[in-house]
>>> print(open('model12.cif').read())   # mmCIF, C-alpha atoms and all ligand atoms
data_work
#
loop_
_atom_site.label_atom_id
_atom_site.label_comp_id
_atom_site.auth_asym_id
_atom_site.auth_seq_id
_atom_site.Cartn_x
_atom_site.Cartn_y
_atom_site.Cartn_z
CA MET A 1 0.00 0.00 0.00
CA ILE A 2 1.35 3.41 -1.03
CA THR A 3 0.28 6.65 0.57
CA THR A 4 1.18 10.01 -0.96
CA LEU A 5 0.65 13.34 0.77
CA HIS A 6 -0.65 16.16 -1.40
CA THR A 7 -0.71 19.72 -0.11
CA GLU A 8 -0.84 21.47 -3.48
CA TRP A 9 -4.53 20.92 -4.15
CA THR A 10 -6.89 23.73 -3.21
CA ILE A 11 -10.61 23.98 -2.63
CA GLY A 12 -10.88 25.39 -6.15
CA ASP A 13 -9.10 22.34 -7.64
CA ILE A 14 -11.19 19.84 -5.73
CA CYS A 15 -14.53 21.56 -6.31
CA LYS A 16 -13.92 22.27 -10.01
CA GLY A 17 -16.94 21.02 -11.96
CA PHE A 18 -18.62 20.02 -8.70
CA GLN A 19 -21.83 18.12 -9.35
CA TYR A 20 -24.33 17.38 -6.67
CA ASN A 21 -27.25 15.07 -7.40
CA GLU A 22 -30.11 15.37 -4.96
CA LEU A 23 -31.03 11.73 -5.47
CA GLU A 24 -29.28 9.61 -2.91
CA GLY A 25 -26.68 7.15 -3.98
CA LYS A 26 -25.86 9.04 -7.13
CA GLY A 27 -22.33 10.14 -7.73
CA LEU A 28 -20.97 13.48 -6.77
CA PHE A 29 -18.01 14.57 -8.80
CA GLY A 30 -15.21 17.09 -8.49
CA MET A 31 -11.78 17.78 -10.04
CA ASN A 32 -13.49 18.13 -13.40
CA GLY A 33 -14.90 14.63 -13.20
CA LYS A 34 -11.67 12.98 -12.06
CA LEU A 35 -12.82 12.73 -8.45
CA THR A 36 -15.78 10.67 -7.28
CA ILE A 37 -16.82 12.35 -4.07
CA GLN A 38 -19.49 9.85 -3.16
CA PRO A 39 -18.45 6.33 -4.10
CA GLU A 40 -21.31 3.85 -4.05
CA TYR A 41 -20.19 2.37 -0.76
CA GLN A 42 -20.12 5.67 1.09
CA ARG A 43 -22.86 6.55 3.46
CA ASN A 44 -25.37 8.99 2.14
CA TYR A 45 -24.74 12.64 2.72
CA LEU A 46 -25.27 13.23 6.43
CA TYR A 47 -24.69 16.95 6.69
CA ALA A 48 -28.40 17.65 6.43
CA ILE A 49 -28.07 20.23 9.15
CA GLU A 50 -26.98 23.50 7.60
CA LYS A 51 -25.14 24.47 10.74
CA LYS A 52 -22.56 21.79 10.10
CA GLU A 53 -22.21 22.80 6.47
CA ALA A 54 -21.81 26.41 7.52
CA ALA A 55 -19.16 25.43 10.08
CA VAL A 56 -17.02 23.92 7.30
CA VAL A 57 -17.21 27.13 5.27
CA GLU A 58 -16.61 29.32 8.32
CA SER A 59 -13.50 27.30 9.13
CA VAL A 60 -12.11 28.21 5.72
CA MET A 61 -13.10 31.87 6.08
CA ASN A 62 -11.27 31.98 9.40
CA GLY A 63 -8.22 30.15 8.08
CA TYR A 64 -8.69 27.12 10.30
CA PRO A 65 -7.55 23.73 9.01
CA LEU A 66 -10.18 21.35 7.66
CA GLY A 67 -8.39 18.22 8.80
CA LEU A 68 -6.99 15.40 6.75
CA ILE A 69 -8.77 14.19 3.65
CA TYR A 70 -8.14 10.78 2.12
CA PHE A 71 -8.49 9.79 -1.53
CA ASN A 72 -8.23 6.37 -3.02
CA LYS A 73 -6.49 6.28 -6.41
CA ILE A 74 -8.67 4.15 -8.67
CA GLY A 75 -6.97 4.71 -12.01
CA GLU A 76 -4.65 7.01 -13.93
CA ASP A 77 -5.64 10.48 -12.67
CA LYS A 78 -8.87 9.07 -11.16
CA TYR A 79 -9.71 9.28 -7.49
CA GLU A 80 -12.41 8.42 -5.01
CA VAL A 81 -12.96 10.15 -1.68
CA LEU A 82 -12.35 7.71 1.16
CA ASP A 83 -12.77 10.21 3.95
CA GLY A 84 -13.75 13.86 3.70
CA GLN A 85 -16.85 13.45 1.60
CA GLN A 86 -18.96 15.64 3.84
CA ARG A 87 -16.46 18.46 4.04
CA ILE A 88 -15.93 18.52 0.27
CA THR A 89 -19.66 18.35 -0.39
CA SER A 90 -20.26 21.28 1.95
CA LEU A 91 -17.63 23.36 0.16
CA GLY A 92 -19.02 22.48 -3.26
CA ARG A 93 -22.58 23.20 -2.22
CA TYR A 94 -21.54 26.58 -0.86
CA ILE A 95 -19.79 27.47 -4.12
CA GLU A 96 -22.91 26.35 -6.00
CA GLY A 97 -25.05 28.69 -3.91
CA LYS A 98 -27.01 25.91 -2.15
CA PHE A 99 -26.63 27.68 1.18
CA ASP A 100 -25.25 30.93 2.65
CA ILE A 101 -23.42 31.71 5.84
CA GLN A 102 -23.58 34.69 8.21
CA ASP A 103 -20.53 36.67 9.22
CA GLY A 104 -19.88 37.85 12.78
CA ASP A 105 -22.11 40.91 12.26
CA GLY A 106 -25.02 38.81 11.08
CA ASN A 107 -24.58 39.73 7.41
CA ILE A 108 -25.52 37.02 4.91
CA LYS A 109 -22.53 35.90 2.88
CA SER A 110 -23.29 33.92 -0.21
CA PHE A 111 -20.41 32.69 -2.35
CA ASP A 112 -21.54 34.90 -5.22
CA GLY A 113 -21.66 37.88 -2.88
CA LEU A 114 -17.99 37.54 -1.89
CA SER A 115 -15.52 40.11 -3.16
CA PRO A 116 -13.11 38.94 -5.90
CA GLU A 117 -10.31 38.79 -3.30
CA GLU A 118 -12.43 36.74 -0.92
CA LYS A 119 -13.42 34.37 -3.70
CA LYS A 120 -9.78 33.98 -4.70
CA ALA A 121 -8.73 33.27 -1.12
CA PHE A 122 -11.51 30.71 -0.78
CA ASN A 123 -10.65 28.93 -4.03
CA GLU A 124 -6.94 28.92 -3.26
CA TYR A 125 -7.36 27.59 0.24
CA PRO A 126 -5.03 24.60 0.52
CA LEU A 127 -6.26 21.18 1.59
CA THR A 128 -4.24 18.35 3.07
CA ILE A 129 -4.99 15.21 1.13
CA TYR A 130 -3.54 11.73 1.37
CA VAL A 131 -3.87 9.65 -1.78
CA CYS A 132 -3.75 5.91 -1.19
CA GLU A 133 -3.10 3.11 -3.63
CA GLY A 134 -3.42 -0.55 -2.74
CA THR A 135 -5.41 -3.71 -3.12
CA GLU A 136 -9.10 -3.62 -2.42
CA ALA A 137 -8.62 -5.55 0.81
CA GLU A 138 -5.93 -3.12 2.02
CA ILE A 139 -8.00 -0.09 1.17
CA LYS A 140 -11.12 -1.44 2.83
CA LYS A 141 -9.26 -2.41 5.99
CA TRP A 142 -7.75 1.02 6.13
CA PHE A 143 -11.08 2.66 5.43
CA LYS A 144 -12.56 0.90 8.42
CA ILE A 145 -9.84 2.26 10.68
CA ILE A 146 -9.79 5.88 9.51
CA ASN A 147 -13.54 5.95 9.64
CA ILE A 148 -13.60 5.35 13.36
CA VAL A 149 -12.47 8.95 13.71
CA GLY A 150 -15.59 10.32 12.01
CA ILE A 151 -19.15 9.11 12.39
CA PRO A 152 -18.54 5.36 12.62
CA LEU A 153 -19.99 3.26 9.85
CA ASN A 154 -22.65 0.86 11.00
CA ASP A 155 -22.51 -2.82 10.03
CA GLN A 156 -24.36 -2.48 6.77
CA GLU A 157 -22.47 0.62 5.63
CA LEU A 158 -19.28 -1.29 6.17
CA ARG A 159 -20.62 -4.29 4.23
CA ASN A 160 -21.57 -1.96 1.39
CA ALA A 161 -17.92 -0.88 1.36
CA VAL A 162 -16.50 -4.38 1.47
CA TYR A 163 -18.82 -5.76 -1.22
CA SER A 164 -19.12 -2.61 -3.32
CA GLY A 165 -20.18 -3.22 -6.89
CA PRO A 166 -23.25 -3.32 -9.14
CA PHE A 167 -25.33 -5.31 -6.66
CA VAL A 168 -24.87 -2.74 -3.87
CA THR A 169 -25.64 0.07 -6.32
CA ALA A 170 -28.87 -1.58 -7.49
CA ALA A 171 -29.90 -2.53 -3.94
CA LYS A 172 -29.35 1.00 -2.62
CA GLU A 173 -31.51 2.36 -5.41
CA VAL A 174 -34.46 0.49 -3.90
CA PHE A 175 -33.69 0.08 -0.21
CA SER A 176 -31.80 3.21 0.79
CA ASN A 177 -33.78 5.68 -1.21
CA SER A 178 -36.03 7.87 0.92
CA GLY A 179 -37.76 8.92 -2.31
CA ASN A 180 -39.07 5.37 -2.74
CA ALA A 181 -42.84 5.55 -2.18
CA ASN A 182 -42.83 2.11 -0.52
CA VAL A 183 -40.68 3.26 2.40
CA GLN A 184 -43.73 4.62 4.19
CA LYS A 185 -45.43 1.22 4.04
CA TRP A 186 -42.26 -0.65 4.98
CA SER A 187 -41.74 1.58 8.01
CA HIS A 188 -44.69 -0.15 9.72
CA TYR A 189 -42.63 -3.34 9.85
CA VAL A 190 -38.99 -2.32 9.59
CA SER A 191 -37.16 -0.17 12.14
CA GLY A 192 -34.07 1.95 11.68
CA ASN A 193 -33.01 4.63 9.26
CA VAL A 194 -33.45 4.06 5.55
CA MET A 195 -30.53 6.38 4.77
CA ARG A 196 -28.18 4.54 7.12
CA GLN A 197 -28.80 1.30 5.16
CA GLU A 198 -30.90 -0.34 7.86
CA TYR A 199 -33.79 -1.23 5.51
CA LEU A 200 -31.31 -2.73 3.10
CA GLU A 201 -29.81 -4.66 5.99
CA ARG A 202 -33.24 -6.14 6.88
CA ALA A 203 -33.95 -7.07 3.26
CA LEU A 204 -30.57 -8.82 3.07
CA GLU A 205 -31.00 -10.45 6.46
CA TRP A 206 -34.34 -11.94 5.43
CA VAL A 207 -33.32 -13.28 2.05
CA SER A 208 -29.97 -14.62 3.28
CA GLY A 209 -31.71 -16.16 6.30
CA SER A 210 -34.10 -17.99 3.98
CA GLU A 211 -31.04 -19.56 2.37
CA LYS A 212 -29.48 -20.26 5.77
CA GLU A 213 -26.48 -18.07 5.15
CA SER A 214 -25.05 -14.82 6.49
CA ILE A 215 -25.55 -11.38 4.96
CA ASP A 216 -21.85 -11.30 4.17
CA ALA A 217 -21.95 -14.62 2.34
CA TYR A 218 -25.00 -13.51 0.38
CA MET A 219 -23.44 -10.18 -0.62
CA SER A 220 -20.20 -11.84 -1.63
CA LYS A 221 -22.05 -14.37 -3.80
CA HIS A 222 -24.14 -11.73 -5.55
CA ARG A 223 -21.56 -8.96 -5.59
CA PHE A 224 -21.37 -8.62 -9.37
CA ASP A 225 -25.05 -9.22 -10.11
CA THR A 226 -26.50 -6.29 -11.97
CA GLU A 227 -30.01 -6.81 -10.67
CA ILE A 228 -31.56 -7.59 -7.29
CA LYS A 229 -34.70 -9.44 -8.33
CA LEU A 230 -34.48 -12.18 -5.69
CA LEU A 231 -33.72 -9.73 -2.88
CA LYS A 232 -36.64 -7.50 -3.84
CA THR A 233 -39.12 -10.33 -4.46
CA TYR A 234 -38.36 -12.02 -1.17
CA PHE A 235 -38.69 -8.78 0.78
CA ASP A 236 -42.01 -7.98 -0.91
CA THR A 237 -43.27 -11.51 -0.22
CA VAL A 238 -42.52 -11.19 3.49
CA ILE A 239 -44.12 -7.75 3.77
CA ASP A 240 -47.21 -8.89 1.84
CA TRP A 241 -47.60 -11.91 4.08
CA VAL A 242 -47.31 -9.85 7.29
CA SER A 243 -49.76 -7.24 6.08
CA LYS A 244 -52.30 -9.92 5.14
CA VAL A 245 -52.05 -11.87 8.40
CA PHE A 246 -52.01 -8.73 10.58
CA ILE A 247 -54.43 -6.38 8.90
CA ASP A 248 -53.96 -3.57 11.44
CA THR A 249 -50.63 -1.93 12.13
CA ASP A 250 -49.15 -0.99 15.48
CA SER A 251 -45.80 0.52 16.38
CA SER A 252 -44.91 -2.71 18.18
CA MET A 253 -44.78 -4.46 14.79
CA ARG A 254 -41.77 -2.39 13.80
CA GLY A 255 -38.48 -4.26 13.97
CA ARG A 256 -39.81 -7.77 14.52
CA GLU A 257 -37.99 -10.66 12.84
CA TRP A 258 -40.49 -10.90 10.02
CA GLY A 259 -38.17 -12.84 7.73
CA ARG A 260 -37.70 -15.62 10.26
CA LEU A 261 -41.39 -15.58 11.18
CA TYR A 262 -42.34 -15.86 7.52
CA GLU A 263 -40.09 -18.90 7.11
CA GLU A 264 -41.54 -20.55 10.21
CA TYR A 265 -45.21 -19.76 9.83
CA HIS A 266 -46.21 -18.79 6.30
CA LYS A 267 -47.56 -22.25 5.52
CA ASN A 268 -50.14 -21.99 8.31
CA ALA A 269 -53.60 -20.58 7.64
CA TYR A 270 -54.79 -17.65 9.75
CA ASP A 271 -58.12 -15.90 9.90
CA PRO A 272 -57.16 -12.21 9.69
CA ASP A 273 -60.25 -11.08 11.62
CA GLU A 274 -59.61 -13.52 14.44
CA VAL A 275 -55.95 -12.51 14.49
CA SER A 276 -56.91 -8.84 14.55
CA ALA A 277 -59.22 -9.36 17.53
CA LYS A 278 -56.51 -11.26 19.41
CA VAL A 279 -53.89 -8.58 18.71
CA LYS A 280 -56.23 -5.88 20.00
CA GLU A 281 -56.92 -7.85 23.16
CA LEU A 282 -53.23 -8.39 23.88
CA LEU A 283 -52.24 -4.81 23.03
CA ALA A 284 -54.80 -3.63 25.57
CA ASP A 285 -53.26 -5.84 28.28
CA GLU A 286 -50.63 -3.77 30.02
CA ASN A 287 -49.07 -6.87 31.59
CA VAL A 288 -47.95 -8.14 28.21
CA ASP A 289 -44.83 -7.15 26.28
CA ASN A 290 -46.26 -6.03 22.94
CA LYS A 291 -43.20 -7.10 20.98
CA GLY A 292 -43.95 -10.76 21.61
CA ILE A 293 -47.60 -10.67 20.58
CA TYR A 294 -47.07 -11.47 16.90
CA GLU A 295 -45.00 -14.60 17.25
CA TYR A 296 -47.25 -15.76 20.10
CA ILE A 297 -50.29 -15.57 17.82
CA LEU A 298 -48.51 -17.09 14.83
CA GLY A 299 -47.50 -20.03 17.00
CA GLY A 300 -51.10 -20.70 18.01
CA CYS A 301 -51.16 -18.74 21.32
CA GLU A 302 -49.25 -21.43 23.22
CA ASP A 303 -45.84 -20.08 24.14
CA THR A 304 -46.63 -17.54 26.86
CA LYS A 305 -42.90 -16.93 27.40
CA LEU A 306 -43.06 -14.79 24.27
CA LEU A 307 -45.43 -12.41 26.00
CA ASN A 308 -42.94 -11.76 28.81
CA ILE A 309 -45.87 -11.33 31.17
CA ARG A 310 -45.46 -8.72 33.85
CA ILE A 311 -47.40 -10.23 36.76
CA PHE A 312 -46.17 -13.18 38.80
CA ASP A 313 -48.52 -16.14 39.22
CA GLU A 314 -49.70 -17.26 42.66
CA LYS A 315 -47.43 -20.30 42.71
CA THR A 316 -44.33 -18.20 42.14
CA LYS A 317 -45.37 -15.68 44.79
CA LYS A 318 -45.99 -18.45 47.31
CA ALA A 319 -42.61 -20.05 46.64
CA ALA A 320 -40.78 -16.71 46.97
CA TYR A 321 -42.69 -15.91 50.16
CA THR A 322 -41.89 -19.25 51.77
CA LYS A 323 -38.19 -19.06 50.99
CA GLN A 324 -37.85 -15.43 52.12
CA THR A 325 -39.74 -16.05 55.34
CA THR A 326 -37.70 -19.13 56.24
CA ASP A 327 -34.41 -17.28 55.60
CA ALA A 328 -35.61 -14.18 57.49
CA LYS A 329 -36.67 -16.21 60.51
CA ALA A 330 -33.26 -17.87 60.65
CA LYS A 331 -31.60 -14.45 60.64
CA GLY A 332 -34.13 -12.82 62.94
CA ILE A 333 -34.97 -10.07 60.45
CA SER A 334 -38.12 -8.95 58.63
CA ASN A 335 -39.23 -11.06 55.68
CA CYS A 336 -39.52 -7.81 53.68
CA PRO A 337 -35.91 -7.13 52.65
CA LEU A 338 -36.52 -3.38 52.67
CA CYS A 339 -38.11 -3.42 56.14
CA ALA A 340 -35.04 -5.34 57.33
CA LEU A 341 -32.94 -2.30 56.37
CA SER A 342 -35.10 0.10 58.39
CA ASP A 343 -33.78 2.12 61.37
CA ILE A 344 -36.84 1.25 63.47
CA ASP A 345 -36.28 -1.93 65.46
CA SER A 346 -39.91 -3.10 65.37
CA GLN A 347 -39.94 -2.75 61.58
CA LYS A 348 -36.55 -4.42 61.18
CA THR A 349 -37.98 -7.66 62.52
CA LYS A 350 -41.57 -7.41 61.30
CA MET A 351 -43.00 -10.63 59.85
CA TRP A 352 -45.60 -10.02 57.17
CA GLN A 353 -48.34 -12.39 56.05
CA ILE A 354 -48.37 -13.26 52.35
CA ASN A 355 -51.52 -11.20 51.80
CA GLU A 356 -49.72 -8.17 53.25
CA MET A 357 -47.03 -8.38 50.58
CA ASP A 358 -46.70 -7.91 46.81
CA ALA A 359 -44.36 -9.49 44.30
CA ASP A 360 -41.60 -7.30 42.90
CA HIS A 361 -39.23 -7.72 39.94
CA VAL A 362 -35.65 -7.60 41.25
CA THR A 363 -34.52 -6.50 37.78
CA ALA A 364 -37.30 -4.24 36.50
CA TRP A 365 -39.69 -5.69 33.95
CA SER A 366 -39.18 -2.60 31.81
CA LYS A 367 -35.46 -3.41 31.77
CA GLY A 368 -36.07 -6.95 30.58
CA GLY A 369 -36.28 -8.62 34.01
CA ALA A 370 -38.02 -11.98 33.79
CA THR A 371 -41.32 -12.76 35.49
CA ASP A 372 -40.20 -15.97 37.17
CA ILE A 373 -38.97 -17.20 40.54
CA SER A 374 -35.36 -16.19 39.80
CA ASN A 375 -36.39 -12.53 39.59
CA CYS A 376 -39.18 -12.44 42.19
CA GLN A 377 -38.98 -10.92 45.65
CA MET A 378 -41.88 -10.25 48.00
CA LEU A 379 -42.04 -6.77 49.53
CA CYS A 380 -44.48 -5.37 52.05
CA LYS A 381 -47.19 -3.37 50.29
CA THR A 382 -45.73 -0.02 51.44
CA HIS A 383 -42.25 -0.78 50.14
CA ASN A 384 -43.55 -2.26 46.92
CA ARG A 385 -45.57 0.91 46.24
CA ALA A 386 -42.57 3.08 47.10
CA LYS A 387 -40.35 1.11 44.74
CA GLY A 388 -42.82 1.54 41.89
CA ASN A 389 -41.56 0.58 38.46
CA LYS A 390 -37.96 1.57 38.94
ZN ZN B 401 -41.21 -3.50 53.84
#
>>> encode(input="model12.cif", output="structure tokens")
Amino acid sequence: MITTLHTEWTIGDICKGFQYNELEGKGLFGMNGKLTIQPEYQRNYLYAIEKKEAAVVESVMNGYPLGLIYFNKIGEDKYEVLDGQQRITSLGRYIEGKFDIQDGDGNIKSFDGLSPEEKKAFNEYPLTIYVCEGTEAEIKKWFKIINIVGIPLNDQELRNAVYSGPFVTAAKEVFSNSGNANVQKWSHYVSGNVMRQEYLERALEWVSGSEKESIDAYMSKHRFDTEIKLLKTYFDTVIDWVSKVFIDTDSSMRGREWGRLYEEYHKNAYDPDEVSAKVKELLADENVDNKGIYEYILGGCEDTKLLNIRIFDEKTKKAAYTKQTTDAKAKGISNCPLCALSDIDSQKTKMWQINEMDADHVTAWSKGGATDISNCQMLCKTHNRAKGNK
């Protein structure tokens, strides 16, 4: 791997012929077309907040350094931005008049409104750019490391880098395109951010899961495919199935493992009206964890573990009470562990009857604490009320 430091390139050089396409995933170019600012594996432009864009321009106006920028040399006089995409895009967009900044006195400063000297100084502002040349594996490994400094790539963004090619390009067109009219519908079932590749990740997870392989294996196998028919069809099939079985939508449906559930249950017949009534009943039950409702119903309403029920049953309460009371008697302290900590002697040793106590989750239910004997303690009613749902 060869790294060359360039300090002779200026903002003007880099932004020459700057092209910004509002459609996500489309190339942004600079250096008169020689520089790809947004390679297909890069995250989508994240500087949506103008403040950040303005800060880049203000840094230049004040003569502050913009930090290191990394290019990947992809051919004779052809480069790709590895790191620095957002800074370069901000500079290009400012020059194009996409946004203005304010000076210290609150005056609006557009690029076109700058004096010739100011424009010259801006264009001739030097950048510090490392150009790297190496094998794909070297570059990608390096990319992963330098990226830790910025906004870290999530798993799928990194996969898009590692398996970049026509398949990723085609898949992003569909699954990381906020202009896709289907995204609204999909958002009932899929969680995460479409622009951060999380919808694409779900689509890949589902189709690769149906073939019992990892997302990485799937992407590697299909890397040079020019179309994504199977990926798209499978995703649509899963979504169609879910929306037909569960005719109503609820926020608790978002982010469930629909791909796995489809594989396990799609051969079963369900009456959508019956299912709908059951979902409503369970959603109304505040002692049930809504996330588990769907698989519980698909599995024939048998596996109550899926509902992560909040209230302890009588048998569990009785067992916890008996054990606590026996232990407390041996130690000569109250069978309410919080009473035992009291400063008042009579309370320290108070023995409560079972009907004077309530069951409490040691690890809170809201924090994933189980509703079983391992996580059950009996508290006197006063202490249980005071503890609340902490
Ligand atoms: Zn107590």
>>> residues_near_ligand(input="model12.cif", ligand="ligand ZN 401 (chain B)", cutoff="6 Å", atoms="only C-alpha atoms and all ligand atoms", output="PDB file with C-alpha atoms, in the coordinates of the input")
ATOM      1  CA  CYS A 336     -39.520  -7.810  53.680  1.00  0.00           C
ATOM      2  CA  LEU A 338     -36.520  -3.380  52.670  1.00  0.00           C
ATOM      3  CA  CYS A 339     -38.110  -3.420  56.140  1.00  0.00           C
ATOM      4  CA  LEU A 379     -42.040  -6.770  49.530  1.00  0.00           C
ATOM      5  CA  CYS A 380     -44.480  -5.370  52.050  1.00  0.00           C
ATOM      6  CA  HIS A 383     -42.250  -0.780  50.140  1.00  0.00           C
TER       7      HIS A 383
END
>>> residues_near_point(input="model12.cif", point="(-14.9, 17.9, -9.1)", cutoff="10 Å", atoms="all atoms listed in the file", output="tab-separated table (two decimals) with C-alpha atoms, in the frame of the given file")
chain	number	residue	atom	x	y	z
A	11	ILE	CA	-10.61	23.98	-2.63
A	12	GLY	CA	-10.88	25.39	-6.15
A	13	ASP	CA	-9.10	22.34	-7.64
A	14	ILE	CA	-11.19	19.84	-5.73
A	15	CYS	CA	-14.53	21.56	-6.31
A	16	LYS	CA	-13.92	22.27	-10.01
A	17	GLY	CA	-16.94	21.02	-11.96
A	18	PHE	CA	-18.62	20.02	-8.70
A	19	GLN	CA	-21.83	18.12	-9.35
A	20	TYR	CA	-24.33	17.38	-6.67
A	28	LEU	CA	-20.97	13.48	-6.77
A	29	PHE	CA	-18.01	14.57	-8.80
A	30	GLY	CA	-15.21	17.09	-8.49
A	31	MET	CA	-11.78	17.78	-10.04
A	32	ASN	CA	-13.49	18.13	-13.40
A	33	GLY	CA	-14.90	14.63	-13.20
A	34	LYS	CA	-11.67	12.98	-12.06
A	35	LEU	CA	-12.82	12.73	-8.45
A	36	THR	CA	-15.78	10.67	-7.28
A	37	ILE	CA	-16.82	12.35	-4.07
A	88	ILE	CA	-15.93	18.52	0.27
A	89	THR	CA	-19.66	18.35	-0.39
A	92	GLY	CA	-19.02	22.48	-3.26
>>> closest_residue(input="model12.cif", among="A:Arg223, A:Asn335, A:Ile373, A:Phe246", to="Glu274 of chain A", atoms="only C-alpha atoms")
A:Phe246
>>> atom_distance(input="model12.cif", atom1="atom CA of Lys144 of chain A", atom2="atom CA of Leu91 of chain A")
24.5 Å
>>> residues_around(input="model12.cif", residues="Ser208 of chain A", least_positions_apart="6", cutoff="12 Å", atoms="only C-alpha atoms", output="ChimeraX atom specification")
/A:200-202,214-222,230-231,234-235,259-260,263
>>> residues_near_point(input="model12.cif", point="(-13.8, -7.1, 1.8)", cutoff="12 Å", atoms="all atoms listed in the file", output="PDB file with C-alpha atoms, keeping the file's coordinate frame")
ATOM      1  CA  TYR A  41     -20.190   2.370  -0.760  1.00  0.00           C
ATOM      2  CA  THR A 135      -5.410  -3.710  -3.120  1.00  0.00           C
ATOM      3  CA  GLU A 136      -9.100  -3.620  -2.420  1.00  0.00           C
ATOM      4  CA  ALA A 137      -8.620  -5.550   0.810  1.00  0.00           C
ATOM      5  CA  GLU A 138      -5.930  -3.120   2.020  1.00  0.00           C
ATOM      6  CA  ILE A 139      -8.000  -0.090   1.170  1.00  0.00           C
ATOM      7  CA  LYS A 140     -11.120  -1.440   2.830  1.00  0.00           C
ATOM      8  CA  LYS A 141      -9.260  -2.410   5.990  1.00  0.00           C
ATOM      9  CA  TRP A 142      -7.750   1.020   6.130  1.00  0.00           C
ATOM     10  CA  PHE A 143     -11.080   2.660   5.430  1.00  0.00           C
ATOM     11  CA  LYS A 144     -12.560   0.900   8.420  1.00  0.00           C
ATOM     12  CA  LEU A 158     -19.280  -1.290   6.170  1.00  0.00           C
ATOM     13  CA  ARG A 159     -20.620  -4.290   4.230  1.00  0.00           C
ATOM     14  CA  ASN A 160     -21.570  -1.960   1.390  1.00  0.00           C
ATOM     15  CA  ALA A 161     -17.920  -0.880   1.360  1.00  0.00           C
ATOM     16  CA  VAL A 162     -16.500  -4.380   1.470  1.00  0.00           C
ATOM     17  CA  TYR A 163     -18.820  -5.760  -1.220  1.00  0.00           C
ATOM     18  CA  SER A 164     -19.120  -2.610  -3.320  1.00  0.00           C
ATOM     19  CA  GLY A 165     -20.180  -3.220  -6.890  1.00  0.00           C
ATOM     20  CA  ASP A 216     -21.850 -11.300   4.170  1.00  0.00           C
ATOM     21  CA  ALA A 217     -21.950 -14.620   2.340  1.00  0.00           C
ATOM     22  CA  MET A 219     -23.440 -10.180  -0.620  1.00  0.00           C
ATOM     23  CA  SER A 220     -20.200 -11.840  -1.630  1.00  0.00           C
ATOM     24  CA  ARG A 223     -21.560  -8.960  -5.590  1.00  0.00           C
TER      25      ARG A 223
END
>>> residues_around(input="model12.cif", residues="Asp103 of chain A", least_positions_apart="3", cutoff="12 Å", atoms="only C-alpha atoms", output="VMD selection string")
chain A and resid 54 to 55 57 to 59 61 to 62 100 106 to 110 114
>>> atom_distance(input="model12.cif", atom1="atom CA of Gly255 of chain A", atom2="atom CA of Ala364 of chain A")
22.6 Å
>>> closest_residue(input="model12.cif", among="A:Asp250, A:Asp225, A:Asp303, A:Asp155", to="Glu205 of chain A", atoms="only C-alpha atoms")
A:Asp155
>>> atom_distance(input="model12.cif", atom1="atom CA of Asn268 of chain A", atom2="atom CA of Ile239 of chain A")
16.1 Å
>>> residues_around(input="model12.cif", residues="Ile297 of chain A", least_positions_apart="4", cutoff="9 Å", atoms="only C-alpha atoms", output="ChimeraX atom specification")
/A:275,278-279,292-293,301-303
>>> closest_residue(input="model12.cif", among="A:Leu261, A:Val183, A:Ala171, A:Val131", to="Ser210 of chain A", atoms="only C-alpha atoms")
A:Leu261
>>> closest_residue(input="model12.cif", among="A:Trp241, A:Asp248, A:Gly134, A:Asp285", to="Tyr265 of chain A", atoms="only C-alpha atoms")
A:Trp241
>>> residues_around(input="model12.cif", residues="Lys244 of chain A", least_positions_apart="5", cutoff="12 Å", atoms="all atoms listed in the file", output="list in words")
Thr237, Val238, Ile239, Thr249, Tyr262, His266, Ala269, Tyr270, Asp271, Pro272, Asp273, Val275 and Ser276 of chain A
